[in-house]
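Undergrad: Coordinates in final_25.tsv, TSV, C-alpha atoms, are listed below.
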chain	number	residue	atom	x	y	z
W	947	MET	CA	6.97	-4.18	33.84
W	948	GLY	CA	10.67	-3.52	34.40
W	949	THR	CA	11.59	-6.14	31.80
W	950	SER	CA	13.95	-5.41	28.93
W	951	VAL	CA	13.37	-6.28	25.27
W	952	LYS	CA	16.41	-8.56	25.43
W	953	GLU	CA	14.64	-10.83	27.92
W	954	VAL	CA	11.76	-11.68	25.57
W	955	MET	CA	13.07	-11.14	22.04
W	956	THR	CA	13.62	-13.95	19.58
W	957	ARG	CA	17.29	-14.28	18.69
W	958	ASP	CA	18.88	-15.92	15.64
W	959	VAL	CA	16.31	-14.45	13.28
W	960	ARG	CA	16.54	-15.70	9.69
W	961	ALA	CA	16.85	-12.86	7.20
W	962	CYS	CA	17.18	-12.37	3.45
W	963	GLU	CA	19.41	-10.12	1.37
W	964	PRO	CA	17.62	-7.48	-0.76
W	965	ASN	CA	18.35	-9.40	-3.97
W	966	ALA	CA	16.57	-12.57	-2.73
W	967	THR	CA	13.42	-13.39	-4.65
W	968	VAL	CA	9.98	-13.28	-3.12
W	969	VAL	CA	9.84	-17.07	-3.50
W	970	GLU	CA	13.02	-17.42	-1.45
W	971	ALA	CA	11.58	-15.21	1.30
W	972	ALA	CA	8.33	-17.17	1.27
W	973	LYS	CA	10.30	-20.39	1.75
W	974	VAL	CA	12.03	-18.85	4.78
W	975	MET	CA	8.60	-17.92	6.16
W	976	VAL	CA	7.44	-21.51	5.79
W	977	GLN	CA	10.63	-23.06	7.19
W	978	GLU	CA	10.67	-20.75	10.21
W	979	ASP	CA	6.87	-20.56	10.60
W	980	VAL	CA	6.93	-16.75	10.63
W	981	GLY	CA	5.13	-13.94	8.82
W	982	PRO	CA	7.93	-11.34	8.68
W	983	VAL	CA	11.44	-11.73	7.27
W	984	PRO	CA	13.96	-8.97	7.95
W	985	ILE	CA	16.01	-7.77	5.00
W	986	VAL	CA	19.68	-7.26	5.76
W	987	GLU	CA	22.60	-6.04	3.70
W	988	ASP	CA	26.06	-6.76	5.11
W	989	GLY	CA	24.40	-7.46	8.48
W	990	ARG	CA	22.61	-4.10	8.52
W	991	LEU	CA	18.83	-4.06	8.75
W	992	VAL	CA	17.50	-2.33	5.62
W	993	GLY	CA	13.88	-3.49	5.50
W	994	ILE	CA	11.29	-6.07	6.38
W	995	VAL	CA	8.92	-8.08	4.22
W	996	THR	CA	5.79	-9.79	5.47
W	997	ASP	CA	3.47	-12.42	4.11
W	998	ARG	CA	0.94	-9.62	3.66
W	999	ASP	CA	3.46	-7.62	1.58
W	1000	ILE	CA	3.78	-10.62	-0.73
W	1001	VAL	CA	0.02	-10.86	-1.16
W	1002	VAL	CA	-0.58	-7.13	-1.63
W	1003	ARG	CA	2.54	-6.08	-3.55
W	1004	VAL	CA	3.18	-9.19	-5.63
W	1005	VAL	CA	0.22	-11.55	-5.98
W	1006	ALA	CA	-2.50	-8.88	-6.18
W	1007	GLU	CA	-0.47	-6.91	-8.73
W	1008	GLY	CA	0.21	-9.99	-10.86
W	1009	ARG	CA	3.98	-9.75	-10.45
W	1010	ASP	CA	6.22	-12.77	-10.90
W	1011	PRO	CA	7.41	-13.90	-7.44
W	1012	ASN	CA	10.39	-15.64	-9.05
W	1013	ALA	CA	11.53	-12.39	-10.67
W	1014	THR	CA	10.55	-9.89	-7.97
W	1015	THR	CA	13.11	-9.26	-5.25
W	1016	VAL	CA	12.30	-8.59	-1.64
W	1017	GLY	CA	14.27	-5.37	-1.95
W	1018	GLU	CA	11.60	-4.15	-4.39
W	1019	ILE	CA	8.67	-4.78	-2.04
W	1020	ALA	CA	10.10	-4.50	1.48
W	1021	SER	CA	9.03	-1.82	3.89
W	1022	THR	CA	12.05	0.36	4.58
W	1023	GLU	CA	10.71	2.93	7.05
W	1024	LEU	CA	11.20	0.76	10.07
W	1025	VAL	CA	10.42	1.23	13.71
W	1026	THR	CA	13.00	-0.59	15.82
W	1027	VAL	CA	13.98	-1.09	19.43
W	1028	SER	CA	17.26	-1.90	21.15
W	1029	PRO	CA	17.84	-4.92	23.38
W	1030	GLY	CA	18.20	-2.72	26.46
W	1031	ASP	CA	14.97	-0.83	25.88
W	1032	ASN	CA	12.25	-1.31	28.46
W	1033	LEU	CA	9.43	-3.59	27.37
W	1034	ASP	CA	6.91	-0.86	28.22
W	1035	GLU	CA	8.54	1.31	25.53
W	1036	ALA	CA	8.21	-1.55	23.02
W	1037	LEU	CA	4.56	-2.01	23.99
W	1038	ASN	CA	3.90	1.68	23.42
W	1039	LEU	CA	5.59	1.56	20.00
W	1040	LEU	CA	3.62	-1.52	18.96
W	1041	ALA	CA	0.36	0.18	19.90
W	1042	LYS	CA	1.25	3.58	18.44
W	1043	ARG	CA	2.37	2.14	15.09
W	1044	GLN	CA	-0.19	-0.68	15.12
W	1045	VAL	CA	2.39	-3.30	14.23
W	1046	ARG	CA	2.75	-6.78	15.67
W	1047	ARG	CA	6.52	-7.05	15.70
W	1048	LEU	CA	9.59	-4.85	16.04
W	1049	PRO	CA	13.09	-5.61	14.81
W	1050	VAL	CA	15.66	-5.40	17.59
W	1051	VAL	CA	18.88	-3.70	16.56
W	1052	GLU	CA	22.19	-2.70	18.08
W	1053	GLY	CA	23.26	0.27	16.02
W	1054	ASP	CA	22.01	-0.82	12.61
W	1055	ARG	CA	22.70	-4.54	13.16
W	1056	LEU	CA	19.78	-6.93	13.50
W	1057	VAL	CA	20.03	-8.91	16.74
W	1058	GLY	CA	16.48	-10.15	17.16
W	1059	ILE	CA	12.79	-9.48	16.86
W	1060	VAL	CA	10.15	-8.89	19.51
W	1061	ALA	CA	6.56	-9.77	18.70
W	1062	GLN	CA	3.20	-8.98	20.19
W	1063	ALA	CA	2.92	-12.66	21.12
W	1064	ASP	CA	6.22	-12.57	23.05
W	1065	ILE	CA	4.90	-9.74	25.18
W	1066	ALA	CA	1.45	-11.27	25.59
W	1067	ARG	CA	2.98	-14.50	26.92
W	1068	LEU	CA	4.96	-12.54	29.50
W	1069	GLY	CA	2.36	-10.05	30.61
W	1070	LYS	CA	-0.80	-10.80	32.48
W	1071	ASP	CA	-1.56	-7.27	33.49
W	1072	GLN	CA	-4.30	-5.04	32.16
W	1073	LYS	CA	-1.91	-2.79	30.22
W	1074	THR	CA	-0.58	-5.71	28.17
W	1075	GLY	CA	-4.11	-6.80	27.33
W	1076	GLU	CA	-5.09	-3.29	26.27
W	1077	VAL	CA	-2.03	-2.92	24.03
W	1078	VAL	CA	-2.55	-6.32	22.38
W	1079	GLU	CA	-6.19	-5.40	21.77
W	1080	GLU	CA	-5.19	-2.01	20.26
W	1081	ILE	CA	-2.66	-3.60	17.90
W	1082	SER	CA	-5.13	-6.24	16.75
W	1083	ARG	CA	-7.72	-3.74	15.51
Take the structure in the file and give it back as structure tokens.

TA:
Amino acid sequence: MGTSVKEVMTRDVRACEPNATVVEAAKVMVQEDVGPVPIVEDGRLVGIVTDRDIVVRVVAEGRDPNATTVGEIASTELVTVSPGDNLDEALNLLAKRQVRRLPVVEGDRLVGIVAQADIARLGKDQKTGEVVEEISR
């Protein structure tokens, strides 16, 4: 492709601090019309919480979303990319890890997010289609 992550990533991503409640994160999801919310502490990416995390780790377990913090349920073993990374590398990571979005960081600072949909809109080639299909399984 020859395109960098920076060219397709979403900037100005809304995030929550680890001590935010699940309800607060859910409100961000609704306001921004997104499924994932990055968790940052002093600007550093420390985790990510998704709408699925809320369902599986809070609702299904009968936990109180007003008392549960996102820091308690967030995924912390993150796969990230840098803005200068080649989009092909991001595609490979998405497929390998079977995730639909990757936080974009400079050092440990969140600067954006790149999603499967961002790449699908850009790419019309066979490789993009194959990767999107692999992730969606």

Undergrad: For region 956-968 of chain W, find every residue with an atom within 10 Å (counting only C-alpha atoms), except residues of its own chain fewer than 5 positions away, and show them as an mmCIF file with C-alpha atoms, in the coordinates of the input.

TA:
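Dumped everything to part_23.cif:
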data_model
loop_
_atom_site.group_PDB
_atom_site.id
_atom_site.type_symbol
_atom_site.label_atom_id
_atom_site.label_comp_id
_atom_site.auth_asym_id
_atom_site.auth_seq_id
_atom_site.Cartn_x
_atom_site.Cartn_y
_atom_site.Cartn_z
ATOM 1 C CA VAL W 951 13.370 -6.280 25.270
ATOM 2 C CA LYS W 973 10.300 -20.390 1.750
ATOM 3 C CA VAL W 974 12.030 -18.850 4.780
ATOM 4 C CA MET W 975 8.600 -17.920 6.160
ATOM 5 C CA GLN W 977 10.630 -23.060 7.190
ATOM 6 C CA GLU W 978 10.670 -20.750 10.210
ATOM 7 C CA VAL W 980 6.930 -16.750 10.630
ATOM 8 C CA PRO W 982 7.930 -11.340 8.680
ATOM 9 C CA VAL W 983 11.440 -11.730 7.270
ATOM 10 C CA PRO W 984 13.960 -8.970 7.950
ATOM 11 C CA ILE W 985 16.010 -7.770 5.000
ATOM 12 C CA VAL W 986 19.680 -7.260 5.760
ATOM 13 C CA GLU W 987 22.600 -6.040 3.700
ATOM 14 C CA ASP W 988 26.060 -6.760 5.110
ATOM 15 C CA GLY W 989 24.400 -7.460 8.480
ATOM 16 C CA ARG W 990 22.610 -4.100 8.520
ATOM 17 C CA LEU W 991 18.830 -4.060 8.750
ATOM 18 C CA VAL W 992 17.500 -2.330 5.620
ATOM 19 C CA GLY W 993 13.880 -3.490 5.500
ATOM 20 C CA ILE W 994 11.290 -6.070 6.380
ATOM 21 C CA VAL W 995 8.920 -8.080 4.220
ATOM 22 C CA ASP W 997 3.470 -12.420 4.110
ATOM 23 C CA ASP W 999 3.460 -7.620 1.580
ATOM 24 C CA ILE W 1000 3.780 -10.620 -0.730
ATOM 25 C CA VAL W 1004 3.180 -9.190 -5.630
ATOM 26 C CA ASP W 1010 6.220 -12.770 -10.900
ATOM 27 C CA PRO W 1011 7.410 -13.900 -7.440
ATOM 28 C CA ASN W 1012 10.390 -15.640 -9.050
ATOM 29 C CA ALA W 1013 11.530 -12.390 -10.670
ATOM 30 C CA THR W 1014 10.550 -9.890 -7.970
ATOM 31 C CA THR W 1015 13.110 -9.260 -5.250
ATOM 32 C CA VAL W 1016 12.300 -8.590 -1.640
ATOM 33 C CA GLY W 1017 14.270 -5.370 -1.950
ATOM 34 C CA GLU W 1018 11.600 -4.150 -4.390
ATOM 35 C CA ILE W 1019 8.670 -4.780 -2.040
ATOM 36 C CA ALA W 1020 10.100 -4.500 1.480
ATOM 37 C CA PRO W 1049 13.090 -5.610 14.810
ATOM 38 C CA VAL W 1050 15.660 -5.400 17.590
ATOM 39 C CA LEU W 1056 19.780 -6.930 13.500
ATOM 40 C CA VAL W 1057 20.030 -8.910 16.740
ATOM 41 C CA GLY W 1058 16.480 -10.150 17.160
ATOM 42 C CA ILE W 1059 12.790 -9.480 16.860
ATOM 43 C CA VAL W 1060 10.150 -8.890 19.510
ATOM 44 C CA ALA W 1061 6.560 -9.770 18.700
ATOM 45 C CA ASP W 1064 6.220 -12.570 23.050
#

Undergrad: What would the list of residues within 12 Å of (10.3, -10.4, 24.2) (file frame) look like as JSON, numbers by chain, if all atoms listed in the file are what count?

TA: {"W": [947, 949, 950, 951, 952, 953, 954, 955, 956, 957, 1027, 1028, 1029, 1030, 1031, 1032, 1033, 1034, 1035, 1036, 1037, 1046, 1047, 1048, 1049, 1050, 1058, 1059, 1060, 1061, 1062, 1063, 1064, 1065, 1066, 1067, 1068, 1069]}

Undergrad: As an exercise, work out the distance from CA of Asp1054 (chain W) to CA of Glu1023 (chain W) in Å and give it to one decimal place.

TA: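 So the two atoms, CA of Asp1054 (chain W) and CA of Glu1023 (chain W), lie 13.1 Å apart.
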
Undergrad: From the options W:Gly981, W:Arg998, W:Thr1026, W:Glu970, which residue's atoms come nearest to Gly1053 (chain W), counting only C-alpha atoms?

TA: W:Thr1026

Undergrad: Expressed in Å to a single decimal, how great is the separation between CA of Val1025 (chain W) and CA of Val1002 (chain W)?

TA: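 Going from CA of Val1025 (chain W) over to CA of Val1002 (chain W) covers 20.6 Å.
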
Undergrad: Find the distance between CA of Ala972 (chain W) and CA of Val1001 (chain W) and write it in Å to one decimal.

TA: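 Spanning CA of Ala972 (chain W) to CA of Val1001 (chain W) is a straight-line distance of 10.7 Å.
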